[in-house]
Amino acid sequence: MTDTPAYVPPKVWTWNKENGGQFASINRPIAGPTHDKELPVGKHPFQLYSLATPNGVKVTVMLEELLALGHNGAEYDAWLIRIGNGDQFGSGFVDINPNSKIPALMDRSGREPIRVFESGSILLYLAEKFGAFLPKDIKSRTEAMSWLFWQMGSAPYLGGGFGHFYAYAPTKIEYAIDRFAMETKRQLDVLDRRLADNDYLAGKEYTIADMAVWPWYGALAKGLVYGAGEFLSVQDYKNVQRWTDQIAQRPAVKRGRMVNRVSGDPASQLHERHDASDFETKTQDKVEAVAS
């Protein structure tokens, strides 16, 4: 049996082939649009262009939580961006987010539209605009912000690192899986230790920090992403489990998880959201029933 020769990086890297894997068709080393496509605009102050990945769920949960508090100015239209089809490279989307990643938000409530991209930035923008889910006292506010930025810096090791090499890469590479499994378990331990003595990440108060972290690590703790629950022994992180279950029971979180979802139980999928009544009348099971 001939061993595969070790890869030796060239002096200058060039893009001469697809890298393989589930997302090969949309990966490229340059930015900018690939095609012209205007984005639709609905009737509400906020226009969200997204998909129910963990990063997308952060924002729909936040918007639903704001509406549950009575902030009617947070009404929104949620438009589906199918990233597997390359919708994020349309010219209209790139105008909002030059990085071509979901979610992207347009605030049309003022005299001039304001674009907001990067999920953490969107959460902070909405929290400050409505004065909600971000503590007023400096100590608690700083704690919430620290955990928000912890998520933004840590989750790429979970998703682009562990998730990619464990679930999506065209070949299984032991070194890569071990490296990122170790880091993912370390992160779960960081959360578990914090939540041992605190109801939520910032302390007693539910904040945008929880909304940022929960879609990633809550889903991981329940074995809902990458098919890796058993592999990572997620059941061992008891405090993460308690926190995950606590947040999952919030009605606004249940609604937020449904928006722009295109997988799973059709009753849990609301491809687009334009009115609160859509949760009762336009989930995918009802749409398919009408179509049949």
# chains A, B, ... in the order shown; residues from 1 in each chain; ligands from 1
$ residues_around --residues "stretch 172-188 of chain A" --least-positions-apart "2" --cutoff "7 Å" --atoms "only C-alpha atoms" --output "list in words"
Tyr157, Leu158, Gly161, Phe162, Phe165, Tyr166, Ala169, Pro170, Val190, Leu191, Asp192 and Leu232 of chain A
$ write_last_selection --atoms "N, CA, C and O atoms" --output "mmCIF file, in the first residue's frame"
data_model
loop_
_atom_site.group_PDB
_atom_site.id
_atom_site.type_symbol
_atom_site.label_atom_id
_atom_site.label_comp_id
_atom_site.auth_asym_id
_atom_site.auth_seq_id
_atom_site.Cartn_x
_atom_site.Cartn_y
_atom_site.Cartn_z
ATOM 1 N N TYR A 157 -14.477 28.373 15.898
ATOM 2 C CA TYR A 157 -13.779 27.125 16.195
ATOM 3 C C TYR A 157 -14.760 25.965 16.285
ATOM 4 O O TYR A 157 -14.426 24.821 15.964
ATOM 5 N N LEU A 158 -15.969 26.256 16.723
ATOM 6 C CA LEU A 158 -17.014 25.237 16.771
ATOM 7 C C LEU A 158 -17.546 24.934 15.379
ATOM 8 O O LEU A 158 -17.601 23.776 14.964
ATOM 9 N N GLY A 161 -14.457 25.154 12.457
ATOM 10 C CA GLY A 161 -13.430 24.216 12.860
ATOM 11 C C GLY A 161 -13.989 22.823 13.061
ATOM 12 O O GLY A 161 -13.960 21.976 12.166
ATOM 13 N N PHE A 162 -14.568 22.575 14.244
ATOM 14 C CA PHE A 162 -15.067 21.233 14.543
ATOM 15 C C PHE A 162 -16.161 20.793 13.579
ATOM 16 O O PHE A 162 -16.093 19.702 13.009
ATOM 17 N N PHE A 165 -14.795 19.942 9.952
ATOM 18 C CA PHE A 165 -13.964 18.746 9.789
ATOM 19 C C PHE A 165 -14.667 17.478 10.249
ATOM 20 O O PHE A 165 -14.407 16.394 9.711
ATOM 21 N N TYR A 166 -15.581 17.591 11.225
ATOM 22 C CA TYR A 166 -16.282 16.398 11.694
ATOM 23 C C TYR A 166 -17.420 16.003 10.762
ATOM 24 O O TYR A 166 -17.633 14.811 10.510
ATOM 25 N N ALA A 169 -16.299 18.046 5.867
ATOM 26 C CA ALA A 169 -15.100 17.894 5.036
ATOM 27 C C ALA A 169 -15.185 16.617 4.203
ATOM 28 O O ALA A 169 -15.740 15.607 4.651
ATOM 29 N N PRO A 170 -14.649 16.623 2.999
ATOM 30 C CA PRO A 170 -14.749 15.437 2.133
ATOM 31 C C PRO A 170 -13.956 14.248 2.648
ATOM 32 O O PRO A 170 -14.230 13.108 2.266
ATOM 33 N N VAL A 190 -16.012 26.028 29.679
ATOM 34 C CA VAL A 190 -16.043 27.447 30.044
ATOM 35 C C VAL A 190 -17.472 27.871 30.385
ATOM 36 O O VAL A 190 -17.740 28.501 31.411
ATOM 37 N N LEU A 191 -18.402 27.506 29.506
ATOM 38 C CA LEU A 191 -19.807 27.850 29.739
ATOM 39 C C LEU A 191 -20.348 27.144 30.976
ATOM 40 O O LEU A 191 -21.067 27.758 31.780
ATOM 41 N N ASP A 192 -20.027 25.884 31.132
ATOM 42 C CA ASP A 192 -20.559 25.111 32.249
ATOM 43 C C ASP A 192 -20.106 25.691 33.584
ATOM 44 O O ASP A 192 -20.896 25.762 34.544
ATOM 45 N N LEU A 232 -19.100 14.161 21.600
ATOM 46 C CA LEU A 232 -18.584 15.184 22.509
ATOM 47 C C LEU A 232 -19.068 15.009 23.952
ATOM 48 O O LEU A 232 -18.722 15.828 24.808
#
$ residues_around --residues "stretch 79-96 of chain A" --least-positions-apart "5" --cutoff "8 Å" --atoms "only C-alpha atoms" --output "PyMOL selection string"
chain A and resi 23+26+32-40+47-51+101-102+104-106+115-117+260+271-273
$ write_last_selection --atoms "N, CA and C atoms" --output "mmCIF file, in the first residue's frame"
data_model
loop_
_atom_site.group_PDB
_atom_site.id
_atom_site.type_symbol
_atom_site.label_atom_id
_atom_site.label_comp_id
_atom_site.auth_asym_id
_atom_site.auth_seq_id
_atom_site.Cartn_x
_atom_site.Cartn_y
_atom_site.Cartn_z
ATOM 1 N N PHE A 23 -19.915 22.664 0.999
ATOM 2 C CA PHE A 23 -20.072 24.059 0.599
ATOM 3 C C PHE A 23 -19.105 24.472 -0.506
ATOM 4 N N ILE A 26 -20.000 27.196 -3.217
ATOM 5 C CA ILE A 26 -20.173 28.621 -2.898
ATOM 6 C C ILE A 26 -18.924 29.239 -2.291
ATOM 7 N N GLY A 32 -17.522 40.397 -3.211
ATOM 8 C CA GLY A 32 -18.332 41.064 -4.223
ATOM 9 C C GLY A 32 -19.440 40.188 -4.766
ATOM 10 N N PRO A 33 -20.390 40.781 -5.478
ATOM 11 C CA PRO A 33 -21.535 40.029 -6.010
ATOM 12 C C PRO A 33 -21.149 39.162 -7.201
ATOM 13 N N THR A 34 -21.922 38.096 -7.365
ATOM 14 C CA THR A 34 -21.761 37.243 -8.542
ATOM 15 C C THR A 34 -22.872 37.474 -9.553
ATOM 16 N N HIS A 35 -23.941 38.141 -9.129
ATOM 17 C CA HIS A 35 -25.066 38.375 -10.027
ATOM 18 C C HIS A 35 -25.883 39.554 -9.509
ATOM 19 N N ASP A 36 -26.651 40.147 -10.385
ATOM 20 C CA ASP A 36 -27.521 41.255 -10.013
ATOM 21 C C ASP A 36 -28.849 40.723 -9.492
ATOM 22 N N LYS A 37 -29.218 41.157 -8.322
ATOM 23 C CA LYS A 37 -30.516 40.771 -7.772
ATOM 24 C C LYS A 37 -30.905 41.746 -6.673
ATOM 25 N N GLU A 38 -31.999 42.447 -6.885
ATOM 26 C CA GLU A 38 -32.513 43.343 -5.859
ATOM 27 C C GLU A 38 -33.189 42.529 -4.763
ATOM 28 N N LEU A 39 -33.152 43.058 -3.560
ATOM 29 C CA LEU A 39 -33.813 42.406 -2.449
ATOM 30 C C LEU A 39 -35.234 42.925 -2.287
ATOM 31 N N PRO A 40 -36.157 42.072 -1.891
ATOM 32 C CA PRO A 40 -37.531 42.538 -1.649
ATOM 33 C C PRO A 40 -37.583 43.402 -0.396
ATOM 34 N N GLN A 47 -36.158 45.094 7.919
ATOM 35 C CA GLN A 47 -36.117 44.098 6.859
ATOM 36 C C GLN A 47 -34.926 43.191 7.128
ATOM 37 N N LEU A 48 -35.220 41.925 7.393
ATOM 38 C CA LEU A 48 -34.193 40.947 7.722
ATOM 39 C C LEU A 48 -34.037 39.976 6.559
ATOM 40 N N TYR A 49 -32.799 39.750 6.179
ATOM 41 C CA TYR A 49 -32.477 38.819 5.090
ATOM 42 C C TYR A 49 -31.584 37.736 5.708
ATOM 43 N N SER A 50 -32.127 36.513 5.800
ATOM 44 C CA SER A 50 -31.444 35.560 6.667
ATOM 45 C C SER A 50 -31.822 34.124 6.357
ATOM 46 N N LEU A 51 -31.271 33.229 7.152
ATOM 47 C CA LEU A 51 -31.545 31.799 7.131
ATOM 48 C C LEU A 51 -31.383 31.328 8.571
ATOM 49 N N LYS A 101 -22.486 37.313 4.234
ATOM 50 C CA LYS A 101 -22.887 36.335 5.239
ATOM 51 C C LYS A 101 -24.233 36.755 5.817
ATOM 52 N N ILE A 102 -25.067 35.758 6.140
ATOM 53 C CA ILE A 102 -26.304 36.070 6.845
ATOM 54 C C ILE A 102 -26.002 36.118 8.342
ATOM 55 N N ALA A 104 -28.417 39.764 7.582
ATOM 56 C CA ALA A 104 -28.227 41.175 7.248
ATOM 57 C C ALA A 104 -29.539 41.891 7.517
ATOM 58 N N LEU A 105 -29.458 43.091 8.080
ATOM 59 C CA LEU A 105 -30.640 43.822 8.518
ATOM 60 C C LEU A 105 -30.628 45.231 7.965
ATOM 61 N N MET A 106 -31.801 45.682 7.521
ATOM 62 C CA MET A 106 -31.987 47.085 7.152
ATOM 63 C C MET A 106 -33.016 47.697 8.096
ATOM 64 N N ARG A 115 -27.986 50.178 7.381
ATOM 65 C CA ARG A 115 -27.666 48.760 7.236
ATOM 66 C C ARG A 115 -26.902 48.294 8.474
ATOM 67 N N VAL A 116 -27.162 47.061 8.877
ATOM 68 C CA VAL A 116 -26.459 46.463 10.002
ATOM 69 C C VAL A 116 -26.098 45.030 9.611
ATOM 70 N N PHE A 117 -24.835 44.691 9.697
ATOM 71 C CA PHE A 117 -24.431 43.317 9.424
ATOM 72 C C PHE A 117 -23.495 42.833 10.523
ATOM 73 N N ASN A 260 -37.351 31.581 8.928
ATOM 74 C CA ASN A 260 -36.357 31.291 7.881
ATOM 75 C C ASN A 260 -35.782 29.883 7.993
ATOM 76 N N HIS A 271 -40.797 29.819 6.403
ATOM 77 C CA HIS A 271 -39.773 30.262 5.461
ATOM 78 C C HIS A 271 -39.627 31.769 5.424
ATOM 79 N N GLU A 272 -40.746 32.473 5.451
ATOM 80 C CA GLU A 272 -40.717 33.931 5.537
ATOM 81 C C GLU A 272 -41.691 34.378 6.610
ATOM 82 N N ARG A 273 -41.378 35.484 7.238
ATOM 83 C CA ARG A 273 -42.237 36.007 8.291
ATOM 84 C C ARG A 273 -42.559 37.471 7.983
#
$ residues_around --residues "A:Met145" --least-positions-apart "2" --cutoff "9 Å" --atoms "only C-alpha atoms" --output "PDB file with N, CA and C atoms, in the first residue's frame"
ATOM      1  N   LEU A 124     -26.527  44.047  19.310  1.00  0.00           N
ATOM      2  CA  LEU A 124     -26.182  45.249  20.074  1.00  0.00           C
ATOM      3  C   LEU A 124     -26.960  46.464  19.571  1.00  0.00           C
ATOM      4  N   LEU A 134     -30.041  44.410  27.593  1.00  0.00           N
ATOM      5  CA  LEU A 134     -28.667  44.795  27.882  1.00  0.00           C
ATOM      6  C   LEU A 134     -28.700  45.582  29.185  1.00  0.00           C
ATOM      7  N   SER A 140     -22.790  44.708  35.033  1.00  0.00           N
ATOM      8  CA  SER A 140     -23.563  43.681  34.333  1.00  0.00           C
ATOM      9  C   SER A 140     -23.524  43.873  32.828  1.00  0.00           C
ATOM     10  N   ARG A 141     -23.549  45.136  32.392  1.00  0.00           N
ATOM     11  CA  ARG A 141     -23.475  45.414  30.955  1.00  0.00           C
ATOM     12  C   ARG A 141     -22.150  44.894  30.385  1.00  0.00           C
ATOM     13  N   THR A 142     -21.076  45.162  31.107  1.00  0.00           N
ATOM     14  CA  THR A 142     -19.767  44.711  30.640  1.00  0.00           C
ATOM     15  C   THR A 142     -19.681  43.199  30.609  1.00  0.00           C
ATOM     16  N   GLU A 143     -20.277  42.543  31.598  1.00  0.00           N
ATOM     17  CA  GLU A 143     -20.285  41.077  31.609  1.00  0.00           C
ATOM     18  C   GLU A 143     -21.035  40.541  30.393  1.00  0.00           C
ATOM     19  N   TRP A 147     -19.405  38.281  27.189  1.00  0.00           N
ATOM     20  CA  TRP A 147     -19.887  36.988  26.701  1.00  0.00           C
ATOM     21  C   TRP A 147     -20.372  37.077  25.261  1.00  0.00           C
ATOM     22  N   LEU A 148     -20.923  38.218  24.875  1.00  0.00           N
ATOM     23  CA  LEU A 148     -21.297  38.406  23.472  1.00  0.00           C
ATOM     24  C   LEU A 148     -20.071  38.288  22.581  1.00  0.00           C
ATOM     25  N   PHE A 149     -18.995  38.975  22.963  1.00  0.00           N
ATOM     26  CA  PHE A 149     -17.790  38.926  22.146  1.00  0.00           C
ATOM     27  C   PHE A 149     -17.078  37.585  22.289  1.00  0.00           C
ATOM     28  N   TRP A 150     -17.242  36.913  23.421  1.00  0.00           N
ATOM     29  CA  TRP A 150     -16.719  35.548  23.560  1.00  0.00           C
ATOM     30  C   TRP A 150     -17.334  34.654  22.489  1.00  0.00           C
ATOM     31  N   ALA A 202     -24.754  36.721  31.878  1.00  0.00           N
ATOM     32  CA  ALA A 202     -24.408  37.997  32.507  1.00  0.00           C
ATOM     33  C   ALA A 202     -24.759  38.021  33.988  1.00  0.00           C
ATOM     34  N   ILE A 208     -28.676  39.792  25.575  1.00  0.00           N
ATOM     35  CA  ILE A 208     -28.246  39.466  24.219  1.00  0.00           C
ATOM     36  C   ILE A 208     -27.077  38.476  24.223  1.00  0.00           C
ATOM     37  N   ALA A 209     -26.354  38.391  25.332  1.00  0.00           N
ATOM     38  CA  ALA A 209     -25.284  37.388  25.401  1.00  0.00           C
ATOM     39  C   ALA A 209     -25.859  35.985  25.298  1.00  0.00           C
TER      40      ALA A 209
END
$ atom_distance --atom1 "atom CA of A:Val59" --atom2 "atom CA of A:Ala132"
13.7 Å
$ residues_around --residues "stretch 66-68 of chain A" --least-positions-apart "6" --cutoff "12 Å" --atoms "only C-alpha atoms" --output "list of chain:residue names"
A:Val59, A:Thr60, A:Ala74, A:Glu75, A:Tyr76, A:Leu123, A:Leu126, A:Ala127, A:Glu128, A:Lys129, A:Phe130, A:Gly131, A:Ala132, A:Phe133, A:Leu134, A:Thr207, A:Ile208, A:Arg250, A:Pro251, A:Ala252, A:Val253, A:Lys254, A:Arg255, A:Gly256, A:Asp275, A:Ala276
$ select_by_dssp --residues "stretch 4-106 of chain A" --states "helix (DSSP H, G or I)" --output "number ranges by chain"
A: 24-26, 54-68, 72-74, 83-85, 87-89, 91-96
$ closest_residue --among "A:His71, A:Arg261, A:Arg108, A:His164" --to "A:Phe46" --atoms "only C-alpha atoms"
A:Arg108
$ select_by_dssp --residues "stretch 50-177 of chain A" --states "strand (DSSP E)" --output "PyMOL selection string"
chain A and resi 50+76-80+104-107+114-117
$ residues_around --residues "stretch 195-200 of chain A" --least-positions-apart "3" --cutoff "7 Å" --atoms "only C-alpha atoms" --output "VMD selection string"
chain A and resid 191 to 192 203 to 206 210 239 to 240
$ decode --residues "stretch 131-160 of chain A" --atoms "N, CA, C and O atoms" --output "PDB file, in the first residue's frame"
ATOM      1  N   GLY A 131     -33.481  49.770  24.161  1.00  0.00           N
ATOM      2  CA  GLY A 131     -33.195  49.770  25.589  1.00  0.00           C
ATOM      3  C   GLY A 131     -33.621  48.490  26.280  1.00  0.00           C
ATOM      4  O   GLY A 131     -34.213  48.518  27.360  1.00  0.00           O
ATOM      5  N   ALA A 132     -33.312  47.360  25.659  1.00  0.00           N
ATOM      6  CA  ALA A 132     -33.771  46.076  26.192  1.00  0.00           C
ATOM      7  C   ALA A 132     -32.694  45.010  26.046  1.00  0.00           C
ATOM      8  O   ALA A 132     -31.888  45.037  25.114  1.00  0.00           O
ATOM      9  N   PHE A 133     -32.700  44.078  27.004  1.00  0.00           N
ATOM     10  CA  PHE A 133     -31.839  42.902  26.989  1.00  0.00           C
ATOM     11  C   PHE A 133     -30.344  43.240  27.053  1.00  0.00           C
ATOM     12  O   PHE A 133     -29.500  42.453  26.630  1.00  0.00           O
ATOM     13  N   LEU A 134     -30.041  44.410  27.593  1.00  0.00           N
ATOM     14  CA  LEU A 134     -28.667  44.795  27.882  1.00  0.00           C
ATOM     15  C   LEU A 134     -28.700  45.582  29.185  1.00  0.00           C
ATOM     16  O   LEU A 134     -29.333  46.641  29.250  1.00  0.00           O
ATOM     17  N   PRO A 135     -28.077  45.068  30.238  1.00  0.00           N
ATOM     18  CA  PRO A 135     -28.181  45.712  31.555  1.00  0.00           C
ATOM     19  C   PRO A 135     -27.730  47.162  31.537  1.00  0.00           C
ATOM     20  O   PRO A 135     -26.867  47.565  30.751  1.00  0.00           O
ATOM     21  N   LYS A 136     -28.307  47.948  32.430  1.00  0.00           N
ATOM     22  CA  LYS A 136     -27.965  49.367  32.527  1.00  0.00           C
ATOM     23  C   LYS A 136     -26.727  49.598  33.382  1.00  0.00           C
ATOM     24  O   LYS A 136     -25.940  50.499  33.106  1.00  0.00           O
ATOM     25  N   ASP A 137     -26.554  48.819  34.456  1.00  0.00           N
ATOM     26  CA  ASP A 137     -25.393  49.048  35.303  1.00  0.00           C
ATOM     27  C   ASP A 137     -24.128  48.562  34.604  1.00  0.00           C
ATOM     28  O   ASP A 137     -24.132  47.559  33.888  1.00  0.00           O
ATOM     29  N   ILE A 138     -23.040  49.279  34.821  1.00  0.00           N
ATOM     30  CA  ILE A 138     -21.822  49.056  34.043  1.00  0.00           C
ATOM     31  C   ILE A 138     -21.239  47.665  34.241  1.00  0.00           C
ATOM     32  O   ILE A 138     -20.735  47.052  33.296  1.00  0.00           O
ATOM     33  N   LYS A 139     -21.317  47.130  35.458  1.00  0.00           N
ATOM     34  CA  LYS A 139     -20.730  45.821  35.712  1.00  0.00           C
ATOM     35  C   LYS A 139     -21.464  44.727  34.936  1.00  0.00           C
ATOM     36  O   LYS A 139     -20.839  43.916  34.239  1.00  0.00           O
ATOM     37  N   SER A 140     -22.790  44.708  35.033  1.00  0.00           N
ATOM     38  CA  SER A 140     -23.563  43.681  34.333  1.00  0.00           C
ATOM     39  C   SER A 140     -23.524  43.873  32.828  1.00  0.00           C
ATOM     40  O   SER A 140     -23.474  42.899  32.066  1.00  0.00           O
ATOM     41  N   ARG A 141     -23.549  45.136  32.392  1.00  0.00           N
ATOM     42  CA  ARG A 141     -23.475  45.414  30.955  1.00  0.00           C
ATOM     43  C   ARG A 141     -22.150  44.894  30.385  1.00  0.00           C
ATOM     44  O   ARG A 141     -22.121  44.257  29.329  1.00  0.00           O
ATOM     45  N   THR A 142     -21.076  45.162  31.107  1.00  0.00           N
ATOM     46  CA  THR A 142     -19.767  44.711  30.640  1.00  0.00           C
ATOM     47  C   THR A 142     -19.681  43.199  30.609  1.00  0.00           C
ATOM     48  O   THR A 142     -19.101  42.605  29.683  1.00  0.00           O
ATOM     49  N   GLU A 143     -20.277  42.543  31.598  1.00  0.00           N
ATOM     50  CA  GLU A 143     -20.285  41.077  31.609  1.00  0.00           C
ATOM     51  C   GLU A 143     -21.035  40.541  30.393  1.00  0.00           C
ATOM     52  O   GLU A 143     -20.583  39.602  29.720  1.00  0.00           O
ATOM     53  N   ALA A 144     -22.195  41.138  30.096  1.00  0.00           N
ATOM     54  CA  ALA A 144     -22.970  40.715  28.924  1.00  0.00           C
ATOM     55  C   ALA A 144     -22.178  40.922  27.639  1.00  0.00           C
ATOM     56  O   ALA A 144     -22.150  40.055  26.753  1.00  0.00           O
ATOM     57  N   MET A 145     -21.508  42.069  27.541  1.00  0.00           N
ATOM     58  CA  MET A 145     -20.733  42.358  26.337  1.00  0.00           C
ATOM     59  C   MET A 145     -19.554  41.397  26.212  1.00  0.00           C
ATOM     60  O   MET A 145     -19.205  40.954  25.109  1.00  0.00           O
ATOM     61  N   SER A 146     -18.939  41.048  27.334  1.00  0.00           N
ATOM     62  CA  SER A 146     -17.814  40.122  27.286  1.00  0.00           C
ATOM     63  C   SER A 146     -18.244  38.763  26.743  1.00  0.00           C
ATOM     64  O   SER A 146     -17.553  38.159  25.909  1.00  0.00           O
ATOM     65  N   TRP A 147     -19.405  38.281  27.189  1.00  0.00           N
ATOM     66  CA  TRP A 147     -19.887  36.988  26.701  1.00  0.00           C
ATOM     67  C   TRP A 147     -20.372  37.077  25.261  1.00  0.00           C
ATOM     68  O   TRP A 147     -20.248  36.112  24.490  1.00  0.00           O
ATOM     69  N   LEU A 148     -20.923  38.218  24.875  1.00  0.00           N
ATOM     70  CA  LEU A 148     -21.297  38.406  23.472  1.00  0.00           C
ATOM     71  C   LEU A 148     -20.071  38.288  22.581  1.00  0.00           C
ATOM     72  O   LEU A 148     -20.077  37.567  21.574  1.00  0.00           O
ATOM     73  N   PHE A 149     -18.995  38.975  22.963  1.00  0.00           N
ATOM     74  CA  PHE A 149     -17.790  38.926  22.146  1.00  0.00           C
ATOM     75  C   PHE A 149     -17.078  37.585  22.289  1.00  0.00           C
ATOM     76  O   PHE A 149     -16.394  37.143  21.350  1.00  0.00           O
ATOM     77  N   TRP A 150     -17.242  36.913  23.421  1.00  0.00           N
ATOM     78  CA  TRP A 150     -16.719  35.548  23.560  1.00  0.00           C
ATOM     79  C   TRP A 150     -17.334  34.654  22.489  1.00  0.00           C
ATOM     80  O   TRP A 150     -16.629  33.872  21.838  1.00  0.00           O
ATOM     81  N   GLN A 151     -18.634  34.777  22.303  1.00  0.00           N
ATOM     82  CA  GLN A 151     -19.291  33.946  21.302  1.00  0.00           C
ATOM     83  C   GLN A 151     -18.785  34.262  19.899  1.00  0.00           C
ATOM     84  O   GLN A 151     -18.514  33.341  19.111  1.00  0.00           O
ATOM     85  N   MET A 152     -18.656  35.525  19.589  1.00  0.00           N
ATOM     86  CA  MET A 152     -18.226  35.897  18.247  1.00  0.00           C
ATOM     87  C   MET A 152     -16.826  35.376  17.940  1.00  0.00           C
ATOM     88  O   MET A 152     -16.519  35.003  16.805  1.00  0.00           O
ATOM     89  N   GLY A 153     -15.987  35.321  18.974  1.00  0.00           N
ATOM     90  CA  GLY A 153     -14.637  34.828  18.766  1.00  0.00           C
ATOM     91  C   GLY A 153     -14.507  33.320  18.867  1.00  0.00           C
ATOM     92  O   GLY A 153     -13.612  32.723  18.255  1.00  0.00           O
ATOM     93  N   SER A 154     -15.401  32.685  19.626  1.00  0.00           N
ATOM     94  CA  SER A 154     -15.274  31.253  19.888  1.00  0.00           C
ATOM     95  C   SER A 154     -15.996  30.376  18.888  1.00  0.00           C
ATOM     96  O   SER A 154     -15.505  29.296  18.523  1.00  0.00           O
ATOM     97  N   ALA A 155     -17.176  30.800  18.449  1.00  0.00           N
ATOM     98  CA  ALA A 155     -18.002  29.943  17.599  1.00  0.00           C
ATOM     99  C   ALA A 155     -17.343  29.539  16.281  1.00  0.00           C
ATOM    100  O   ALA A 155     -17.615  28.440  15.781  1.00  0.00           O
ATOM    101  N   PRO A 156     -16.458  30.350  15.678  1.00  0.00           N
ATOM    102  CA  PRO A 156     -15.792  29.855  14.466  1.00  0.00           C
ATOM    103  C   PRO A 156     -15.000  28.568  14.688  1.00  0.00           C
ATOM    104  O   PRO A 156     -14.884  27.746  13.781  1.00  0.00           O
ATOM    105  N   TYR A 157     -14.477  28.373  15.898  1.00  0.00           N
ATOM    106  CA  TYR A 157     -13.779  27.125  16.195  1.00  0.00           C
ATOM    107  C   TYR A 157     -14.760  25.965  16.285  1.00  0.00           C
ATOM    108  O   TYR A 157     -14.426  24.821  15.964  1.00  0.00           O
ATOM    109  N   LEU A 158     -15.969  26.256  16.723  1.00  0.00           N
ATOM    110  CA  LEU A 158     -17.014  25.237  16.771  1.00  0.00           C
ATOM    111  C   LEU A 158     -17.546  24.934  15.379  1.00  0.00           C
ATOM    112  O   LEU A 158     -17.601  23.776  14.964  1.00  0.00           O
ATOM    113  N   GLY A 159     -17.955  25.964  14.646  1.00  0.00           N
ATOM    114  CA  GLY A 159     -18.583  25.758  13.343  1.00  0.00           C
ATOM    115  C   GLY A 159     -17.588  25.504  12.225  1.00  0.00           C
ATOM    116  O   GLY A 159     -17.563  24.428  11.615  1.00  0.00           O
ATOM    117  N   GLY A 160     -16.776  26.504  11.935  1.00  0.00           N
ATOM    118  CA  GLY A 160     -15.803  26.369  10.853  1.00  0.00           C
ATOM    119  C   GLY A 160     -14.686  25.405  11.170  1.00  0.00           C
ATOM    120  O   GLY A 160     -14.032  24.877  10.261  1.00  0.00           O
TER     121      GLY A 160
END
